[in-house]
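Shown here: final_5.cif, mmCIF, C-alpha atoms and all ligand atoms.
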data_my_file
#
loop_
_atom_site.label_atom_id
_atom_site.label_comp_id
_atom_site.auth_asym_id
_atom_site.auth_seq_id
_atom_site.Cartn_x
_atom_site.Cartn_y
_atom_site.Cartn_z
CA MET A 1397 0.00 0.00 0.00
CA ALA A 1398 1.20 3.49 -0.80
CA ILE A 1399 1.33 6.08 1.97
CA VAL A 1400 -1.05 8.93 1.14
CA ALA A 1401 -0.13 12.44 2.24
CA PRO A 1402 -2.95 14.89 1.49
CA SER A 1403 -1.59 18.42 1.02
CA ILE A 1404 -3.63 20.89 3.06
CA LEU A 1405 -2.85 23.60 0.48
CA SER A 1406 -6.08 22.56 -1.27
CA ALA A 1407 -8.13 22.28 1.95
CA ASP A 1408 -10.68 24.82 3.16
CA PHE A 1409 -8.61 26.84 5.63
CA GLY A 1410 -11.76 28.22 7.25
CA ARG A 1411 -12.41 24.74 8.59
CA LEU A 1412 -8.91 23.34 8.63
CA ALA A 1413 -9.31 21.15 11.73
CA GLN A 1414 -12.34 19.33 10.26
CA GLU A 1415 -10.60 18.96 6.89
CA VAL A 1416 -7.54 17.40 8.51
CA ASP A 1417 -9.63 15.17 10.76
CA GLU A 1418 -11.62 13.91 7.77
CA VAL A 1419 -8.64 12.84 5.65
CA VAL A 1420 -7.00 11.13 8.63
CA ARG A 1421 -10.22 9.22 9.37
CA LEU A 1422 -10.34 8.21 5.70
CA GLY A 1423 -6.90 6.59 5.86
CA ALA A 1424 -4.27 9.24 5.23
CA GLU A 1425 -1.19 8.18 7.17
CA TRP A 1426 0.62 11.48 6.65
CA VAL A 1427 -0.60 15.08 6.37
CA HIS A 1428 1.50 17.25 4.03
CA VAL A 1429 2.02 20.91 4.87
CA ASP A 1430 3.33 23.28 2.17
CA VAL A 1431 5.32 26.19 3.56
CA MET A 1432 6.06 28.90 0.97
CA ASP A 1433 8.02 32.05 1.70
CA GLY A 1434 7.37 34.37 -1.26
CA ARG A 1435 11.07 34.16 -2.15
CA PHE A 1436 12.05 30.60 -3.05
CA VAL A 1437 8.60 30.36 -4.63
CA PRO A 1438 6.36 33.31 -5.49
CA ASN A 1439 3.46 32.22 -3.32
CA LEU A 1440 3.20 32.83 0.42
CA THR A 1441 1.38 30.31 2.61
CA ILE A 1442 1.74 29.30 6.22
CA GLY A 1443 4.05 29.18 9.22
CA PRO A 1444 4.47 27.26 12.48
CA VAL A 1445 1.19 28.47 14.01
CA VAL A 1446 -0.76 26.59 11.35
CA VAL A 1447 1.40 23.50 11.84
CA SER A 1448 0.47 23.51 15.53
CA ALA A 1449 -3.22 23.73 14.58
CA VAL A 1450 -2.69 20.73 12.28
CA ARG A 1451 -0.98 18.88 15.11
CA ASP A 1452 -4.00 19.43 17.35
CA ALA A 1453 -6.35 18.20 14.63
CA VAL A 1454 -4.21 15.14 13.85
CA ALA A 1455 -3.92 14.28 17.56
CA GLY A 1456 -1.16 11.73 17.01
CA ARG A 1457 -3.05 9.69 14.38
CA ALA A 1458 -0.85 10.67 11.40
CA LYS A 1459 2.60 12.02 10.65
CA ILE A 1460 2.96 15.72 9.92
CA ASP A 1461 5.14 16.08 6.82
CA VAL A 1462 6.36 19.66 6.41
CA HIS A 1463 7.65 20.73 2.98
CA LEU A 1464 9.74 23.88 3.31
CA MET A 1465 9.72 25.80 0.03
CA MET A 1466 11.83 28.58 1.43
CA VAL A 1467 15.28 30.13 1.49
CA GLU A 1468 17.29 29.76 4.70
CA PRO A 1469 15.08 26.98 6.08
CA GLU A 1470 17.63 26.36 8.84
CA ARG A 1471 16.31 29.48 10.58
CA TYR A 1472 12.92 27.82 11.11
CA VAL A 1473 13.73 24.15 11.66
CA GLY A 1474 13.37 24.46 15.44
CA ALA A 1475 10.12 26.41 15.24
CA PHE A 1476 8.45 23.94 12.87
CA ARG A 1477 9.64 20.99 14.91
CA GLU A 1478 8.26 22.53 18.12
CA ALA A 1479 4.99 23.20 16.31
CA GLY A 1480 4.64 19.49 15.59
CA ALA A 1481 6.50 18.59 12.38
CA ASP A 1482 7.47 14.90 12.27
CA SER A 1483 9.48 15.32 9.07
CA LEU A 1484 11.07 18.44 7.60
CA THR A 1485 11.99 18.58 3.93
CA VAL A 1486 14.22 21.31 2.50
CA HIS A 1487 14.94 22.08 -1.15
CA VAL A 1488 18.41 21.28 -2.45
CA GLU A 1489 18.15 24.40 -4.66
CA ALA A 1490 17.59 26.64 -1.61
CA VAL A 1491 20.37 25.41 0.67
CA PRO A 1492 24.12 25.84 0.11
CA HIS A 1493 25.12 23.76 3.15
CA LEU A 1494 22.80 20.83 2.62
CA HIS A 1495 24.68 18.28 4.70
CA ARG A 1496 24.71 20.63 7.68
CA VAL A 1497 20.98 21.41 7.48
CA ILE A 1498 20.13 17.69 7.30
CA GLY A 1499 22.11 17.21 10.50
CA GLU A 1500 20.31 20.12 12.15
CA ILE A 1501 16.92 18.63 11.27
CA LYS A 1502 17.88 15.22 12.64
CA ALA A 1503 19.25 16.80 15.83
CA THR A 1504 15.73 18.03 16.61
CA GLY A 1505 14.46 14.43 16.43
CA ALA A 1506 12.56 15.03 13.19
CA GLU A 1507 13.01 12.96 10.05
CA ALA A 1508 14.99 14.73 7.34
CA GLY A 1509 14.02 15.05 3.70
CA VAL A 1510 15.38 16.79 0.65
CA ALA A 1511 13.22 17.91 -2.29
CA LEU A 1512 14.22 18.25 -5.94
CA ASN A 1513 12.57 20.68 -8.36
CA PRO A 1514 11.63 19.29 -11.79
CA GLY A 1515 14.78 20.76 -13.38
CA THR A 1516 17.18 19.41 -10.74
CA PRO A 1517 19.09 16.19 -11.42
CA PRO A 1518 18.91 13.41 -8.82
CA GLU A 1519 22.72 13.08 -8.81
CA LEU A 1520 22.87 16.22 -6.65
CA LEU A 1521 21.81 14.02 -3.72
CA ASP A 1522 24.55 11.43 -4.20
CA TYR A 1523 26.63 12.50 -1.22
CA VAL A 1524 23.78 13.04 1.24
CA LEU A 1525 21.48 10.18 0.27
CA GLU A 1526 22.66 7.93 3.11
CA GLU A 1527 21.70 10.64 5.65
CA LEU A 1528 18.11 10.98 4.45
CA ASP A 1529 14.82 9.60 5.71
CA LEU A 1530 12.94 11.02 2.73
CA VAL A 1531 13.57 12.08 -0.86
CA LEU A 1532 10.83 14.28 -2.36
CA VAL A 1533 10.60 14.42 -6.15
CA MET A 1534 8.59 17.42 -7.36
CA SER A 1535 6.44 16.59 -10.36
CA VAL A 1536 5.37 20.25 -10.73
CA ASN A 1537 7.28 23.47 -10.23
CA PRO A 1538 6.49 24.28 -6.61
CA GLY A 1539 4.28 27.24 -5.79
CA TRP A 1540 0.66 26.25 -6.31
CA GLY A 1541 -1.67 23.30 -6.12
CA ALA A 1542 -3.56 21.80 -9.07
CA GLN A 1543 -0.89 22.21 -11.76
CA PRO A 1544 -0.39 19.65 -14.54
CA LEU A 1545 2.32 17.11 -13.82
CA ILE A 1546 5.70 17.15 -15.57
CA ASP A 1547 6.43 13.76 -17.12
CA SER A 1548 10.17 13.68 -16.49
CA ALA A 1549 9.34 13.01 -12.81
CA PHE A 1550 8.73 9.33 -13.66
CA ARG A 1551 12.25 8.95 -15.01
CA LYS A 1552 13.69 10.71 -11.96
CA LEU A 1553 11.72 8.51 -9.55
CA ALA A 1554 12.93 5.38 -11.33
CA ALA A 1555 16.55 6.55 -11.20
CA LEU A 1556 16.32 7.32 -7.48
CA ARG A 1557 14.58 4.04 -6.69
CA GLU A 1558 17.35 2.16 -8.47
CA THR A 1559 20.04 4.07 -6.55
CA ILE A 1560 18.31 3.67 -3.17
CA GLU A 1561 17.92 -0.07 -3.72
CA ARG A 1562 21.41 -0.61 -5.09
CA ARG A 1563 22.93 1.21 -2.11
CA LYS A 1564 20.46 -0.43 0.32
CA LEU A 1565 19.45 2.92 1.83
CA PRO A 1566 16.49 3.52 4.17
CA ALA A 1567 15.16 6.69 2.47
CA LEU A 1568 11.50 6.69 1.45
CA LEU A 1569 10.69 8.06 -2.00
CA GLU A 1570 7.90 10.65 -2.09
CA VAL A 1571 6.33 12.47 -5.03
CA ASP A 1572 4.47 15.78 -5.00
CA GLY A 1573 2.50 17.53 -7.72
CA GLY A 1574 -0.30 16.48 -10.05
CA VAL A 1575 -0.88 13.14 -8.30
CA LYS A 1576 -4.48 11.92 -8.77
CA PRO A 1577 -6.25 8.60 -8.23
CA ASP A 1578 -6.20 8.10 -12.02
CA ASN A 1579 -2.45 8.42 -12.47
CA ALA A 1580 -1.17 7.27 -9.08
CA GLY A 1581 -0.21 3.83 -10.38
CA ARG A 1582 2.30 5.41 -12.74
CA PHE A 1583 4.07 7.01 -9.76
CA THR A 1584 4.15 3.83 -7.68
CA ASP A 1585 5.31 1.83 -10.73
CA ALA A 1586 8.21 4.29 -11.02
CA GLY A 1587 9.08 3.65 -7.37
CA ALA A 1588 7.24 6.26 -5.30
CA GLN A 1589 6.18 5.04 -1.84
CA VAL A 1590 4.58 8.24 -0.54
CA LEU A 1591 2.01 10.08 -2.68
CA VAL A 1592 1.34 13.74 -1.90
CA ALA A 1593 -2.02 14.82 -3.32
CA GLY A 1594 -3.64 18.20 -2.73
CA SER A 1595 -6.40 18.82 -5.23
CA GLY A 1596 -6.56 15.07 -5.93
CA VAL A 1597 -7.93 14.55 -2.40
CA PHE A 1598 -9.45 17.80 -1.16
CA LYS A 1599 -11.19 18.72 -4.44
CA ALA A 1600 -12.39 15.16 -5.10
CA ALA A 1601 -16.15 14.66 -5.19
CA ASP A 1602 -15.63 11.51 -3.15
CA ARG A 1603 -12.66 11.93 -0.81
CA ALA A 1604 -12.99 8.44 0.65
CA ALA A 1605 -12.71 6.87 -2.80
CA ALA A 1606 -9.83 9.17 -3.75
CA ILE A 1607 -7.78 8.19 -0.68
CA ARG A 1608 -8.61 4.50 -1.08
CA ARG A 1609 -7.57 4.51 -4.74
CA LEU A 1610 -4.35 6.37 -3.97
CA ARG A 1611 -3.48 3.90 -1.21
CA GLU A 1612 -4.15 0.94 -3.48
CA ALA A 1613 -2.22 2.43 -6.42
C1 LIG B 1701 3.31 22.35 -4.87
C2 LIG B 1701 3.14 21.79 -3.48
C3 LIG B 1701 2.24 20.63 -3.48
C4 LIG B 1701 0.83 20.93 -3.92
C5 LIG B 1701 0.35 19.75 -4.69
O1 LIG B 1701 3.89 23.58 -4.80
O2 LIG B 1701 4.38 21.40 -2.94
O3 LIG B 1701 2.27 19.89 -2.26
O4 LIG B 1701 -0.04 21.22 -2.88
O5 LIG B 1701 -0.91 20.02 -5.18
P1 LIG B 1701 -1.62 19.08 -6.24
O6 LIG B 1701 -1.67 17.72 -5.66
O7 LIG B 1701 -2.96 19.72 -6.39
O8 LIG B 1701 -0.79 19.13 -7.50
ZN ZN B 1702 4.45 19.94 -1.14
#

So, in terms of structure tokens, how does the structure I just supplied come out?
Ligand code: DX5
Ligand code: ZN
Amino acid sequence: MAIVAPSILSADFGRLAQEVDEVVRLGAEWVHVDVMDGRFVPNLTIGPVVVSAVRDAVAGRAKIDVHLMMVEPERYVGAFREAGADSLTVHVEAVPHLHRVIGEIKATGAEAGVALNPGTPPELLDYVLEELDLVLVMSVNPGWGAQPLIDSAFRKLAALRETIERRKLPALLEVDGGVKPDNAGRFTDAGAQVLVAGSGVFKAADRAAAIRRLREA
């Protein structure tokens, strides 16, 4: 079974607690939180106060997976961890001292992830891969929900899966952007184990069916 991580970016923020509670009850094992700073990506979203609201809504039933689309994420690692993040993922494109930041995340007790934009080659992770709990392949350019997926993500997932298996590494492979019940099997075939889906879950007419189909992909 795939792990489903609904992205709250497509939820109704006016009733965020109920939205989070619903997807967890329907089988989401992770809840994905998209932090955007208006600099690394043009959009501006949420900070630690919203993560703590998500933590209260989740009440220990799911992992809180925080995707930091921001410059200088090291300045906020502690704050997001205290707010309830179980995993913290930084962008390789945003961080000059990647190895150090990964260590700082792990020192808080959180799991550490690194994300790759669609134009970034997977080889950039070669020398940190053994340190990682999570590798996040972006299948859209980060910034907004509900964008069409970029096909080269399948090739990148397959390359990373091959490397992770060949080197017998523990990192989970996660994909984010354009994932829907209809195409989820293509991502799991390519090696993704964690499926982030924003509009594919929260905008679905039948959320229960959407989560079930994603899990069974
Ligand atoms: C993209 C974000 C995603 C986004 C995915 O900038 O990182 O997590 O919410 O949205 P969908 O699933 O609608 O493409
Ligand atoms: Zn995301």

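Neighbouring residues of ligand ZN 1702 (chain B) at a cut-off of 8 Å, counting all atoms listed in the file, are A:Ser1403, A:His1428, A:Val1429, A:Asp1430, A:Val1431, A:Val1462, A:His1463, A:Leu1464, A:Met1465, A:Met1534, A:Pro1538, A:Asp1572, A:Gly1573, A:Val1592.
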
Distance of atom CA of A:Gly1474 from atom CA of A:Leu1591, expressed in Å to one decimal place: 25.8 Å

Could you give me, as a short mmCIF file (atom, residue, chain, number, x, y, z; two decimals) with C-alpha atoms, in the coordinates of the input, every polymer residue with an atom at most 6 Å away from an atom of ligand LIG 1701 (chain B), counting all atoms listed in the file?
data_model
loop_
_atom_site.label_atom_id
_atom_site.label_comp_id
_atom_site.auth_asym_id
_atom_site.auth_seq_id
_atom_site.Cartn_x
_atom_site.Cartn_y
_atom_site.Cartn_z
CA SER A 1403 -1.59 18.42 1.02
CA LEU A 1405 -2.85 23.60 0.48
CA ASP A 1430 3.33 23.28 2.17
CA PRO A 1538 6.49 24.28 -6.61
CA GLY A 1539 4.28 27.24 -5.79
CA TRP A 1540 0.66 26.25 -6.31
CA GLY A 1541 -1.67 23.30 -6.12
CA ALA A 1542 -3.56 21.80 -9.07
CA GLN A 1543 -0.89 22.21 -11.76
CA ASP A 1572 4.47 15.78 -5.00
CA GLY A 1573 2.50 17.53 -7.72
CA GLY A 1574 -0.30 16.48 -10.05
CA VAL A 1575 -0.88 13.14 -8.30
CA ALA A 1593 -2.02 14.82 -3.32
CA GLY A 1594 -3.64 18.20 -2.73
CA SER A 1595 -6.40 18.82 -5.23
CA GLY A 1596 -6.56 15.07 -5.93
#

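Taking atom CA of A:Gly1456 and atom CA of A:Leu1610 as endpoints, the distance between them is 21.9 Å.
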
May I have the protein, DNA and RNA residues with an atom at most 10 Å from (1.4, -3.9, -0.3), counting only C-alpha atoms in the file's coordinates, returned as a list in words? Met1397, Ala1398, Arg1611, Glu1612 and Ala1613 of chain A

Using only C-alpha atoms, find the one residue out of A:Ala1449, A:Leu1494, A:Ile1399, A:Val1510 that sits nearest to A:Glu1415. A:Ala1449

Output file request: stretch 1510-1535 of chain A, with N, CA and C atoms, as a short mmCIF file (atom, residue, chain, number, x, y, z; two decimals), in the first residue's frame.
data_model
loop_
_atom_site.label_atom_id
_atom_site.label_comp_id
_atom_site.auth_asym_id
_atom_site.auth_seq_id
_atom_site.Cartn_x
_atom_site.Cartn_y
_atom_site.Cartn_z
N VAL A 1510 14.93 15.78 1.61
CA VAL A 1510 15.38 16.79 0.65
C VAL A 1510 14.50 16.67 -0.59
N ALA A 1511 14.07 17.85 -1.10
CA ALA A 1511 13.22 17.91 -2.29
C ALA A 1511 14.02 18.39 -3.49
N LEU A 1512 13.60 17.88 -4.67
CA LEU A 1512 14.22 18.25 -5.94
C LEU A 1512 13.17 18.88 -6.86
N ASN A 1513 13.44 20.08 -7.35
CA ASN A 1513 12.57 20.68 -8.36
C ASN A 1513 12.62 19.87 -9.66
N PRO A 1514 11.64 20.06 -10.54
CA PRO A 1514 11.63 19.29 -11.79
C PRO A 1514 12.91 19.42 -12.61
N GLY A 1515 13.57 20.57 -12.57
CA GLY A 1515 14.78 20.76 -13.38
C GLY A 1515 16.06 20.32 -12.71
N THR A 1516 15.97 19.76 -11.52
CA THR A 1516 17.18 19.41 -10.74
C THR A 1516 17.51 17.93 -10.88
N PRO A 1517 18.75 17.61 -11.23
CA PRO A 1517 19.09 16.19 -11.42
C PRO A 1517 19.24 15.45 -10.09
N PRO A 1518 18.86 14.19 -10.06
CA PRO A 1518 18.91 13.41 -8.82
C PRO A 1518 20.34 13.20 -8.32
N GLU A 1519 21.32 13.30 -9.22
CA GLU A 1519 22.72 13.08 -8.81
C GLU A 1519 23.17 14.09 -7.75
N LEU A 1520 22.49 15.22 -7.66
CA LEU A 1520 22.87 16.22 -6.65
C LEU A 1520 22.76 15.66 -5.23
N LEU A 1521 21.99 14.59 -5.07
CA LEU A 1521 21.81 14.02 -3.72
C LEU A 1521 22.81 12.92 -3.39
N ASP A 1522 23.67 12.58 -4.36
CA ASP A 1522 24.55 11.43 -4.20
C ASP A 1522 25.28 11.38 -2.86
N TYR A 1523 25.78 12.51 -2.41
CA TYR A 1523 26.63 12.50 -1.22
C TYR A 1523 25.88 12.79 0.08
N VAL A 1524 24.57 12.91 0.00
CA VAL A 1524 23.78 13.04 1.24
C VAL A 1524 22.73 11.93 1.37
N LEU A 1525 22.59 11.14 0.32
CA LEU A 1525 21.48 10.18 0.27
C LEU A 1525 21.46 9.26 1.50
N GLU A 1526 22.63 8.85 1.97
CA GLU A 1526 22.66 7.93 3.11
C GLU A 1526 22.19 8.59 4.41
N GLU A 1527 22.14 9.93 4.44
CA GLU A 1527 21.70 10.64 5.65
C GLU A 1527 20.18 10.82 5.69
N LEU A 1528 19.50 10.53 4.59
CA LEU A 1528 18.11 10.98 4.45
C LEU A 1528 17.08 9.94 4.86
N ASP A 1529 15.98 10.44 5.45
CA ASP A 1529 14.82 9.60 5.71
C ASP A 1529 13.85 9.66 4.53
N LEU A 1530 13.95 10.73 3.74
CA LEU A 1530 12.94 11.02 2.73
C LEU A 1530 13.57 11.76 1.55
N VAL A 1531 13.20 11.33 0.34
CA VAL A 1531 13.57 12.08 -0.86
C VAL A 1531 12.26 12.47 -1.55
N LEU A 1532 12.09 13.77 -1.79
CA LEU A 1532 10.83 14.28 -2.36
C LEU A 1532 11.09 14.75 -3.79
N VAL A 1533 10.49 14.05 -4.74
CA VAL A 1533 10.60 14.42 -6.15
C VAL A 1533 9.40 15.30 -6.51
N MET A 1534 9.68 16.53 -6.94
CA MET A 1534 8.59 17.42 -7.36
C MET A 1534 8.22 17.10 -8.80
N SER A 1535 6.93 16.86 -9.01
CA SER A 1535 6.44 16.59 -10.36
C SER A 1535 5.68 17.79 -10.92
#
